[in-house]
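Enquirer: Would you mind keeping the following structure in view while I ask a few things?
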Amino acid sequence: MIKQLLTGLAISAGTLAAVSSAFADYPERNIEGIIQWGAGGATDNVARSLTPHVEEALGTSIVLTNRPGGTGVIGMSTVMQKPANGYTVLYGAENPQLYSIMGLADFDYSAMTPINVIGQGLVVIAAPADKEWKNFGDLLKYAHEHPGELRMGGTGAGGLPSTVLAMINSVDSLDVRNVTFGGDGPGITAMLGGHIDFMPLSLAAAQEHIASGRLKGLAVVTKESIEELPDTPPITEALPKMESYLPWGPFWAVAVRKDTPDDIVATLSDAYEKGVANEQFQQFLSENGAKSLNLQGEEAKQFLERWQSVTAWALEKAGSAKVSPEEVGIPKP
């Protein structure tokens, strides 16, 4: 019996040593990066700009795959169903923090381990360059005179456009038809083709098209004008009451399954911290009107919780939440 016990302990010790060794060698192969939105959108642009710098820090390749759909639920679910071994990471945006109040899913970022909250962006309401409106006030007047006529690009319930629309409707009335796309990129393509009339977008996705003259900025969702789009007025010029929700903006984050080993989480966190801090990526954020955050660990968790609280209760006030934040345990800000 004693001999069997000692043999068992030796095997267990050997197994633990092998597992520990495997963790110590991480990563031994390519990592899959799941982007929860489509190609050409803000999350996709951020992921593809950041990843080469992270690959350099990790010493391996990160193979990026777009898995849009369900306001990002499909991409996040894909990562949550993969083994918790650090070989699948989620490149996500802010949307998961609203899944519960929009009735989309019963999970959010608290069901995962955040690796890095990369940065936070600005929002611009954009329209095709040939539209007659000079600013958002003009569009709002037209919408009042032609209710239900305008086509607004969206990304589904809980997406950035629907959230901005809900905030607007909490202080005014913007009666439009929603046309849903799998991300900013497809929405921009539809706008350029004349299939929709306007769309709230991350500045990171829209700025190049505005600079080229293909799109025009009607308003930035800020209190004041911004350096990146000096000719685009802040939304408070048309809707002064919007100021109560500002500053506000989308963000981008990287996360893994919640039960991923601590050693692997630490390795990934260190690599993404270095990647975000890279001078070239910092320049990318700056050129696209985004603020670098580069948060890990407890700081990342606190940021995610605060953003969720502020936004969820703003949507509740606007009457756009399908489920009360209180019912799903989201505290008031």
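In the structure tokens, each chain is lettered A, B, ... as it comes, each chain's residues begin at 1, and ligands are numbered from 1 in order of appearance.
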When you look at stretch 121-123 of chain A with a cut-off of 6 Å (counting only C-alpha atoms), what residues show up, excluding the ones that are within fewer than 2 positions of it in the same chain? I need them as a ChimeraX atom specification.
Expert: /A:201-203,220-221,249-251,290
Enquirer: Could you give me, as a ChimeraX atom specification, each residue of stretch 84-301 of chain A that DSSP assigns to strand (DSSP E) when run on this structure's backbone?
Expert: /A:88-93,112-120,123-128,151-154,177-180,199-202,215-220,251-257,291-295
Enquirer: Tell me which of A:Asn116, A:Ser309, A:Gln207, A:Thr236 sits closest to A:Gln296, counting only C-alpha atoms.
Expert: A:Asn116
Enquirer: Please, which residues of stretch 38-227 of chain A, numbered as in this document, come out helix (DSSP H, G or I) from DSSP, as a PyMOL selection string?
Expert: chain A and resi 42-58+70-80+95-102+109-111+136-145+160-169+184-192+203-211
Enquirer: Which of these, A:Ala321, A:Val171, A:Ala238, A:Ala111, has the shortest distance to A:Lys301 once you count only C-alpha atoms?
Expert: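 Result for the nearest residue to A:Lys301: A:Ala111.
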Enquirer: Would you mind listing, for every residue of stretch 154-272 of chain A within 9 Å of stretch 76-79 of chain A, the two atoms forming the shortest contact and the distance between them in Å to one decimal, using only C-alpha atoms, sorted by chain and ascending residue number, as a Markdown table?
Expert:
| residue | atom | partner | partner_atom | distance |
| --- | --- | --- | --- | --- |
| A:Ala255 | CA | A:Val79 | CA | 8.9 |
| A:Val256 | CA | A:Val79 | CA | 7.1 |
| A:Arg257 | CA | A:Val79 | CA | 6.9 |
Enquirer: If you count only C-alpha atoms, which residues fall within 12 Å of A:Gly213, apart from same-chain ones fewer than 4 positions away, as a compact mmCIF listing (two decimals) with C-alpha atoms, in the first residue's frame?
Expert:
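Okay, out-v7.txt is ready:
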# COMPACT_ATOMS: atom_id res chain seq x y z
CA ALA A 126 -21.07 60.52 -40.29
CA ALA A 127 -23.00 60.75 -43.56
CA PRO A 128 -22.17 60.39 -47.25
CA ALA A 129 -20.39 63.48 -48.55
CA ASP A 130 -23.19 64.30 -51.01
CA LEU A 192 -20.53 54.92 -49.49
CA ALA A 206 -14.41 56.83 -40.00
CA GLN A 207 -11.55 59.33 -39.90
CA GLU A 208 -9.78 58.18 -43.07
CA HIS A 209 -13.02 58.30 -45.07
CA GLY A 217 -18.74 64.42 -40.12
